[in-house]
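The file structure17.cif contains mmCIF, C-alpha atoms:
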data_input
loop_
_atom_site.label_atom_id
_atom_site.label_comp_id
_atom_site.auth_asym_id
_atom_site.auth_seq_id
_atom_site.Cartn_x
_atom_site.Cartn_y
_atom_site.Cartn_z
CA MET Q 281 -42.77 -12.13 5.24
CA ILE Q 282 -46.04 -13.49 3.79
CA ILE Q 283 -45.85 -15.58 0.61
CA ASP Q 284 -48.89 -16.92 -1.23
CA ALA Q 285 -48.15 -20.30 -2.82
CA HIS Q 286 -51.23 -20.51 -5.02
CA CYS Q 287 -52.12 -17.69 -7.44
CA HIS Q 288 -53.39 -18.44 -10.95
CA VAL Q 289 -52.72 -15.76 -13.55
CA TRP Q 290 -53.39 -15.36 -17.26
CA PRO Q 291 -52.85 -12.67 -19.89
CA ASP Q 292 -55.59 -10.08 -19.44
CA GLU Q 293 -57.77 -11.11 -22.38
CA ILE Q 294 -57.51 -14.81 -21.53
CA ALA Q 295 -58.26 -14.24 -17.85
CA ARG Q 296 -61.67 -12.82 -18.68
CA LYS Q 297 -62.59 -15.82 -20.83
CA VAL Q 298 -61.33 -18.45 -18.35
CA LEU Q 299 -63.06 -16.95 -15.34
CA ALA Q 300 -66.33 -16.42 -17.23
CA ASP Q 301 -66.57 -20.23 -17.41
CA ARG Q 302 -66.54 -20.49 -13.58
CA PRO Q 303 -63.69 -22.98 -13.04
CA VAL Q 304 -64.69 -25.90 -10.75
CA GLY Q 305 -68.12 -24.29 -10.51
CA LEU Q 306 -67.00 -21.29 -8.47
CA ASP Q 307 -67.38 -17.56 -9.03
CA PRO Q 308 -64.04 -15.75 -9.03
CA VAL Q 309 -63.40 -13.12 -6.38
CA HIS Q 310 -60.68 -11.29 -8.35
CA ASP Q 311 -59.77 -10.79 -12.02
CA GLY Q 312 -56.90 -13.25 -12.64
CA THR Q 313 -54.49 -10.67 -14.08
CA LEU Q 314 -50.99 -9.80 -12.88
CA ASP Q 315 -52.01 -6.21 -12.15
CA GLY Q 316 -55.02 -7.46 -10.24
CA LEU Q 317 -52.87 -9.83 -8.22
CA ARG Q 318 -50.42 -7.08 -7.33
CA ARG Q 319 -53.29 -4.90 -6.06
CA THR Q 320 -54.67 -7.80 -4.03
CA MET Q 321 -51.26 -8.53 -2.52
CA ASP Q 322 -50.74 -4.90 -1.56
CA ALA Q 323 -54.16 -4.75 0.11
CA ALA Q 324 -53.60 -8.01 2.02
CA GLY Q 325 -50.00 -7.33 3.07
CA ILE Q 326 -48.57 -10.18 0.96
CA ASP Q 327 -44.92 -9.77 0.05
CA MET Q 328 -44.54 -12.39 -2.68
CA ALA Q 329 -46.66 -14.89 -4.59
CA MET Q 330 -46.12 -17.96 -6.68
CA THR Q 331 -47.75 -17.17 -10.01
CA LEU Q 332 -49.10 -20.31 -11.65
CA ALA Q 333 -49.70 -20.88 -15.36
CA VAL Q 334 -51.06 -24.11 -16.85
CA ALA Q 335 -51.12 -25.35 -20.45
CA ASN Q 336 -53.96 -27.73 -21.30
CA ALA Q 337 -52.16 -29.03 -24.41
CA GLY Q 338 -48.57 -29.62 -25.41
CA ARG Q 339 -48.75 -27.05 -28.21
CA THR Q 340 -49.33 -24.20 -25.72
CA VAL Q 341 -46.54 -25.07 -23.25
CA GLN Q 342 -43.95 -22.78 -24.83
CA ARG Q 343 -46.10 -19.65 -25.03
CA THR Q 344 -47.54 -20.26 -21.56
CA ASN Q 345 -44.03 -20.38 -20.12
CA GLU Q 346 -43.05 -17.31 -22.13
CA PHE Q 347 -45.89 -15.42 -20.45
CA ILE Q 348 -45.14 -16.56 -16.90
CA GLY Q 349 -41.40 -16.16 -17.36
CA ARG Q 350 -41.84 -12.39 -17.87
CA VAL Q 351 -43.31 -11.67 -14.41
CA ASP Q 352 -41.74 -9.19 -12.00
CA ARG Q 353 -39.35 -11.35 -9.94
CA SER Q 354 -39.34 -8.87 -7.04
CA ARG Q 355 -42.93 -9.88 -6.20
CA PHE Q 356 -43.70 -13.00 -8.21
CA VAL Q 357 -42.15 -16.49 -8.36
CA PRO Q 358 -42.96 -17.97 -11.79
CA PHE Q 359 -44.34 -21.51 -11.80
CA GLY Q 360 -44.98 -22.64 -15.35
CA THR Q 361 -46.18 -25.71 -17.12
CA VAL Q 362 -45.27 -29.08 -18.61
CA HIS Q 363 -47.35 -31.55 -20.58
CA PRO Q 364 -47.02 -35.29 -21.31
CA ASP Q 365 -47.62 -34.66 -25.03
CA LEU Q 366 -44.06 -33.29 -25.11
CA SER Q 367 -40.83 -35.13 -24.46
CA VAL Q 368 -39.03 -34.67 -21.17
CA GLU Q 369 -36.34 -32.59 -22.86
CA GLU Q 370 -38.91 -30.39 -24.62
CA ASN Q 371 -40.61 -29.72 -21.30
CA LEU Q 372 -37.34 -28.92 -19.56
CA ALA Q 373 -36.26 -26.62 -22.38
CA ALA Q 374 -39.54 -24.68 -22.24
CA LEU Q 375 -38.92 -24.04 -18.54
CA ARG Q 376 -35.20 -23.33 -18.81
CA ASP Q 377 -35.42 -21.04 -21.84
CA ASN Q 378 -37.95 -18.81 -20.07
CA GLY Q 379 -36.35 -18.76 -16.64
CA VAL Q 380 -39.30 -20.54 -15.04
CA VAL Q 381 -38.33 -21.83 -11.60
CA GLY Q 382 -41.16 -24.27 -10.82
CA VAL Q 383 -44.08 -26.21 -12.27
CA LYS Q 384 -47.83 -26.30 -11.63
CA LEU Q 385 -49.58 -29.62 -12.33
CA HIS Q 386 -53.36 -29.61 -12.60
CA PRO Q 387 -54.97 -33.04 -13.15
CA LEU Q 388 -58.41 -31.46 -13.55
CA PHE Q 389 -57.43 -29.39 -16.57
CA GLN Q 390 -54.44 -31.24 -18.03
CA SER Q 391 -54.01 -34.78 -19.27
CA VAL Q 392 -51.76 -35.55 -16.32
CA ALA Q 393 -52.38 -38.31 -13.82
CA PHE Q 394 -50.22 -39.24 -10.84
CA ALA Q 395 -50.49 -42.90 -11.87
CA ASP Q 396 -49.43 -42.24 -15.49
CA ALA Q 397 -45.89 -43.34 -16.38
CA ARG Q 398 -45.50 -40.28 -18.65
CA THR Q 399 -46.26 -37.93 -15.76
CA ARG Q 400 -43.88 -39.78 -13.46
CA GLU Q 401 -41.11 -39.63 -16.07
CA ILE Q 402 -41.47 -35.84 -16.23
CA LEU Q 403 -41.51 -35.54 -12.44
CA VAL Q 404 -38.38 -37.67 -12.10
CA ALA Q 405 -36.64 -35.25 -14.48
CA LEU Q 406 -37.91 -32.26 -12.49
CA ALA Q 407 -36.55 -33.83 -9.30
CA GLU Q 408 -33.19 -34.49 -10.98
CA ASN Q 409 -33.08 -30.83 -12.06
CA ASP Q 410 -34.20 -29.62 -8.59
CA ILE Q 411 -37.33 -27.95 -9.98
CA PRO Q 412 -40.15 -27.67 -7.41
CA VAL Q 413 -43.76 -28.60 -8.21
CA ILE Q 414 -47.16 -27.60 -6.87
CA ALA Q 415 -50.00 -29.95 -7.77
CA HIS Q 416 -53.75 -29.89 -7.42
CA VAL Q 417 -54.68 -32.94 -5.39
CA GLY Q 418 -58.22 -34.24 -4.89
CA SER Q 419 -61.53 -33.55 -6.56
CA GLY Q 420 -63.36 -30.69 -8.26
CA GLY Q 421 -64.17 -32.29 -11.62
CA ASP Q 422 -65.84 -35.39 -13.00
CA ALA Q 423 -64.96 -38.90 -11.85
CA HIS Q 424 -62.17 -39.35 -14.41
CA GLN Q 425 -60.59 -35.99 -13.62
CA ASN Q 426 -60.79 -36.65 -9.90
CA GLU Q 427 -59.13 -40.04 -10.28
CA ARG Q 428 -56.15 -38.46 -12.08
CA GLY Q 429 -55.36 -36.40 -8.99
CA ALA Q 430 -56.39 -38.83 -6.24
CA PRO Q 431 -54.47 -38.60 -2.93
CA LYS Q 432 -53.82 -42.35 -3.00
CA SER Q 433 -52.13 -42.04 -6.40
CA LEU Q 434 -50.06 -39.08 -5.21
CA HIS Q 435 -48.86 -41.12 -2.23
CA ALA Q 436 -47.86 -44.04 -4.45
CA MET Q 437 -46.04 -41.72 -6.84
CA MET Q 438 -44.09 -39.96 -4.10
CA THR Q 439 -42.83 -43.27 -2.71
CA GLU Q 440 -41.19 -43.91 -6.10
CA ILE Q 441 -39.68 -40.47 -6.81
CA THR Q 442 -36.86 -39.29 -4.59
CA GLY Q 443 -35.75 -35.71 -4.11
CA LEU Q 444 -38.86 -34.03 -5.52
CA ARG Q 445 -39.89 -30.81 -3.79
CA LEU Q 446 -43.66 -31.15 -4.14
CA ILE Q 447 -46.43 -28.99 -2.65
CA ALA Q 448 -49.76 -30.81 -2.43
CA ALA Q 449 -52.51 -28.20 -2.75
CA HIS Q 450 -55.69 -28.20 -0.67
CA TYR Q 451 -54.24 -30.09 2.30
CA GLY Q 452 -53.50 -32.92 -0.12
CA GLY Q 453 -57.09 -33.67 -1.10
CA TYR Q 454 -59.60 -31.04 -2.23
CA GLN Q 455 -63.16 -32.01 -1.27
CA VAL Q 456 -61.88 -35.42 -0.05
CA LEU Q 457 -60.35 -34.56 3.28
CA ASP Q 458 -60.76 -38.09 4.64
CA GLU Q 459 -58.60 -39.37 1.78
CA ALA Q 460 -56.14 -36.55 2.34
CA GLU Q 461 -55.76 -37.54 5.99
CA GLN Q 462 -55.20 -41.16 4.99
CA TRP Q 463 -52.76 -40.67 2.11
CA SER Q 464 -51.29 -37.13 2.12
CA VAL Q 465 -50.94 -36.12 5.75
CA GLY Q 466 -47.60 -37.38 7.02
CA SER Q 467 -46.28 -38.15 3.53
CA ASN Q 468 -43.18 -36.71 1.89
CA VAL Q 469 -44.81 -33.52 0.60
CA HIS Q 470 -45.52 -29.99 1.76
CA LEU Q 471 -49.22 -29.36 2.28
CA GLU Q 472 -50.82 -26.13 1.07
CA THR Q 473 -53.79 -24.54 2.82
CA SER Q 474 -56.23 -23.35 0.14
CA TRP Q 475 -59.80 -24.67 0.11
CA PRO Q 476 -62.09 -22.65 -2.21
CA PRO Q 477 -64.40 -20.91 -1.62
CA SER Q 478 -62.60 -20.48 1.72
CA MET Q 479 -60.50 -22.43 4.18
CA GLY Q 480 -62.83 -20.96 6.78
CA THR Q 481 -65.47 -23.50 5.72
CA LEU Q 482 -63.38 -26.30 7.27
CA PRO Q 483 -63.64 -27.14 10.99
CA PRO Q 484 -60.71 -25.25 12.55
CA GLU Q 485 -59.92 -28.00 15.04
CA ARG Q 486 -59.57 -30.49 12.19
CA VAL Q 487 -57.30 -28.15 10.24
CA THR Q 488 -55.12 -27.61 13.29
CA SER Q 489 -54.90 -31.36 13.85
CA ILE Q 490 -53.85 -31.93 10.21
CA ILE Q 491 -51.19 -29.22 10.42
CA ARG Q 492 -49.65 -30.61 13.58
CA ARG Q 493 -49.85 -34.25 12.50
CA HIS Q 494 -48.10 -33.43 9.24
CA GLY Q 495 -45.65 -31.05 10.89
CA SER Q 496 -46.37 -27.34 10.76
CA HIS Q 497 -42.90 -26.75 9.28
CA ARG Q 498 -44.11 -28.60 6.14
CA VAL Q 499 -47.31 -26.60 5.63
CA VAL Q 500 -47.47 -23.49 3.41
CA PHE Q 501 -50.10 -20.81 2.95
CA GLY Q 502 -51.89 -20.62 -0.39
CA SER Q 503 -55.09 -18.82 -1.31
CA ASP Q 504 -56.00 -20.19 -4.78
CA TRP Q 505 -56.35 -16.63 -6.07
CA PRO Q 506 -58.47 -15.43 -7.89
CA MET Q 507 -61.08 -17.91 -6.64
CA THR Q 508 -60.70 -16.73 -3.04
CA ASP Q 509 -59.70 -13.54 -1.23
CA PRO Q 510 -56.21 -13.89 0.28
CA ALA Q 511 -56.91 -11.49 3.16
CA THR Q 512 -59.82 -13.71 4.23
CA GLU Q 513 -57.63 -16.82 3.99
CA ILE Q 514 -54.84 -15.21 6.04
CA ALA Q 515 -57.41 -14.33 8.69
CA ALA Q 516 -58.56 -17.98 8.74
CA ILE Q 517 -54.98 -19.12 9.38
CA LYS Q 518 -54.58 -16.58 12.16
CA ALA Q 519 -57.86 -17.73 13.75
CA LEU Q 520 -56.59 -21.29 14.23
CA GLY Q 521 -54.82 -20.51 17.49
CA LEU Q 522 -51.42 -21.72 16.32
CA THR Q 523 -48.23 -20.70 18.05
CA ALA Q 524 -46.45 -17.62 16.71
CA GLU Q 525 -43.73 -19.86 15.27
CA GLU Q 526 -46.22 -22.17 13.55
CA GLU Q 527 -48.19 -19.25 12.12
CA SER Q 528 -45.21 -17.31 10.78
CA GLY Q 529 -43.80 -20.47 9.24
CA ILE Q 530 -47.03 -21.32 7.44
CA LEU Q 531 -47.62 -17.77 6.22
CA GLY Q 532 -44.21 -17.48 4.61
CA GLY Q 533 -41.18 -18.89 6.39
CA ASN Q 534 -41.69 -22.49 5.33
CA LEU Q 535 -42.20 -21.61 1.68
CA ALA Q 536 -39.23 -19.24 1.68
CA ARG Q 537 -37.10 -22.10 2.96
CA LEU Q 538 -38.51 -24.59 0.44
CA LEU Q 539 -37.98 -22.22 -2.51
CA ARG Q 540 -34.73 -20.80 -1.07
CA ILE Q 541 -36.05 -17.25 -0.98
CA GLU Q 542 -34.12 -14.88 1.25
CA SER Q 543 -36.18 -12.74 3.60
CA PRO Q 544 -35.41 -8.98 3.63
CA ALA Q 545 -33.80 -9.37 7.07
CA THR Q 546 -31.57 -12.16 5.81
CA SER Q 547 -30.59 -10.17 2.74
CA LEU Q 548 -29.57 -7.18 4.85
CA ALA Q 549 -27.50 -9.35 7.15
CA THR Q 550 -25.43 -10.92 4.37
#
As structure tokens, please, write out the structure in this file.
Amino acid sequence: MIIDAHCHVWPDEIARKVLADRPVGLDPVHDGTLDGLRRTMDAAGIDMAMTLAVANAGRTVQRTNEFIGRVDRSRFVPFGTVHPDLSVEENLAALRDNGVVGVKLHPLFQSVAFADARTREILVALAENDIPVIAHVGSGGDAHQNERGAPKSLHAMMTEITGLRLIAAHYGGYQVLDEAEQWSVGSNVHLETSWPPSMGTLPPERVTSIIRRHGSHRVVFGSDWPMTDPATEIAAIKALGLTAEEESGILGGNLARLLRIESPATSLAT
């Protein structure tokens, strides 16, 4: 089973507008729609994907979660949004009422910072309610945006919050791999593999070292669709020379375990 942990989606008309602005200065490879993602998954042999939706303001949290909560659960795992402009209970209700199973945090595009007490209060509540989180970690914006998602701040936050299932995107430090190795690798998070425009731009021996130092069983495959092509990113994982067990775990087994997703073989056996 292959599961992609990092796929951004929007309603069709919004996807066109968002991607026309070239997020983080990159040209999209795909269209950002649910139908487009399904086609991409079928072509790349991906069984399931975490579909991520982010609200940039508190007033759009409810409708963003309404959208992501309607996805096809046979292929998509809905990760919705929270925002510090809302109370903890308002955020939890917006997730619960729409059947959203996880949360995407994006310090570049939201007013969320790992060092902010409001963000930590929300994350404590997510941990208490056993709701998993995937977060952008590292750079990609201006200095203020980058500081909000700094690996050092993530490390400090995770030492204070117990029981949080958190996936740190981009090996725990997009565009700041030295900081990621210092603060994210070996910490109490799962690392995710995406690195737009492609993980293949990173030295493979360094990636392999990071994976094994952190523990391959705590690394999950993510593409950052639609900014990359998942088939290319899967090929980059397979080119690392990992063991069969390490590779299969990263491509899907580890994430299935983290999110408590049954594989088809497991389902048939029970």
Selection in question (the file shown): the PyMOL selection byres ((chain Q and resi 431) around 6). Which residues does it include, as a PyMOL selection string?
chain Q and resi 430+432-434+453+460+463
Residue IDs satisfying the PyMOL selection byres ((chain Q and resi 541) around 12), as a VMD selection string
chain Q and resid 281 to 283 327 to 330 353 to 357 381 532 to 540 542 to 547
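Around Val298 (chain Q), within 12 Å and counting all atoms listed in the file, the residues found are His288, Val289, Trp290, Pro291, Asp292, Glu293, Pro303, Val304, Gly305, Leu306, Asp307, Pro308, Asp311, Gly312, Thr313, Val334, Phe389, Pro506 and Met507 of chain Q, once anything fewer than 5 positions away on its own chain is removed.
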With the file shown as input, list the residues that the PyMOL selection byres ((chain Q and resi 399-406) around 10) selects, as a ChimeraX atom specification.
/Q:362-369,371-372,382-383,385,391-398,407-413,437-438,440-446
From the list Q:Leu314, Q:Met321, Q:Ala515, Q:Val499, which residue is nearest Ile348 (chain Q) when using all atoms listed in the file?
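Under the stated criterion, the closest residue is Q:Leu314.
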Length of the CA of Leu332 (chain Q) to CA of Pro483 (chain Q) vector [Å]
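Taking CA of Leu332 (chain Q) as the start and CA of Pro483 (chain Q) as the end point, the length is 27.8 Å.
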Quote the spacing between CA of Ala333 (chain Q) and CA of Gly360 (chain Q) in Å to one decimal place.
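Atom-to-atom, CA of Ala333 (chain Q) to CA of Gly360 (chain Q), that is 5.0 Å.
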Nearest to Asp352 (chain Q), chosen from Q:Ala436, Q:Leu317, Q:Ala285, Q:Ala300, with only C-alpha atoms counted in the distances
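Closest residue, counting only C-alpha atoms: Q:Leu317.
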Find, counting only C-alpha atoms, the residue in Q:Tyr454, Q:Phe501, Q:Phe347, Q:Phe359 that gets nearest to Pro476 (chain Q).
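Ranked by minimum distance to Pro476 (chain Q), first place goes to Q:Tyr454.
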Can you list, as a ChimeraX atom specification, every protein, DNA or RNA residue that comes within 10 Å of Pro484 (chain Q) when you count only C-alpha atoms, leaving out same-chain residues fewer than 2 positions away?
/Q:479-482,486-490,516-517,519-521
Could you dump the residues just selected with C-alpha atoms as an mmCIF file, keeping the file's coordinate frame?
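Dumped to result-v9.cif:
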data_model
loop_
_atom_site.group_PDB
_atom_site.id
_atom_site.type_symbol
_atom_site.label_atom_id
_atom_site.label_comp_id
_atom_site.auth_asym_id
_atom_site.auth_seq_id
_atom_site.Cartn_x
_atom_site.Cartn_y
_atom_site.Cartn_z
ATOM 1 C CA MET Q 479 -60.500 -22.430 4.180
ATOM 2 C CA GLY Q 480 -62.830 -20.960 6.780
ATOM 3 C CA THR Q 481 -65.470 -23.500 5.720
ATOM 4 C CA LEU Q 482 -63.380 -26.300 7.270
ATOM 5 C CA ARG Q 486 -59.570 -30.490 12.190
ATOM 6 C CA VAL Q 487 -57.300 -28.150 10.240
ATOM 7 C CA THR Q 488 -55.120 -27.610 13.290
ATOM 8 C CA SER Q 489 -54.900 -31.360 13.850
ATOM 9 C CA ILE Q 490 -53.850 -31.930 10.210
ATOM 10 C CA ALA Q 516 -58.560 -17.980 8.740
ATOM 11 C CA ILE Q 517 -54.980 -19.120 9.380
ATOM 12 C CA ALA Q 519 -57.860 -17.730 13.750
ATOM 13 C CA LEU Q 520 -56.590 -21.290 14.230
ATOM 14 C CA GLY Q 521 -54.820 -20.510 17.490
#
Taking only C-alpha atoms into account, which of Q:Thr320, Q:Gly325, Q:Gln390, Q:His416 comes nearest Thr340 (chain Q)?
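For Thr340 (chain Q), the nearest of the given residues is Q:Gln390.
Atom pair CA of His310 (chain Q) / CA of Ala423 (chain Q) has a distance of 28.2 Å (rounded to one decimal).
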Name the closest residue to Gln455 (chain Q) among the candidates Q:Val469, Q:Pro477, Q:Thr439, Q:Ala295; distances are taken between atoms, counting only C-alpha atoms.
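Result for the nearest residue to Gln455 (chain Q): Q:Pro477.
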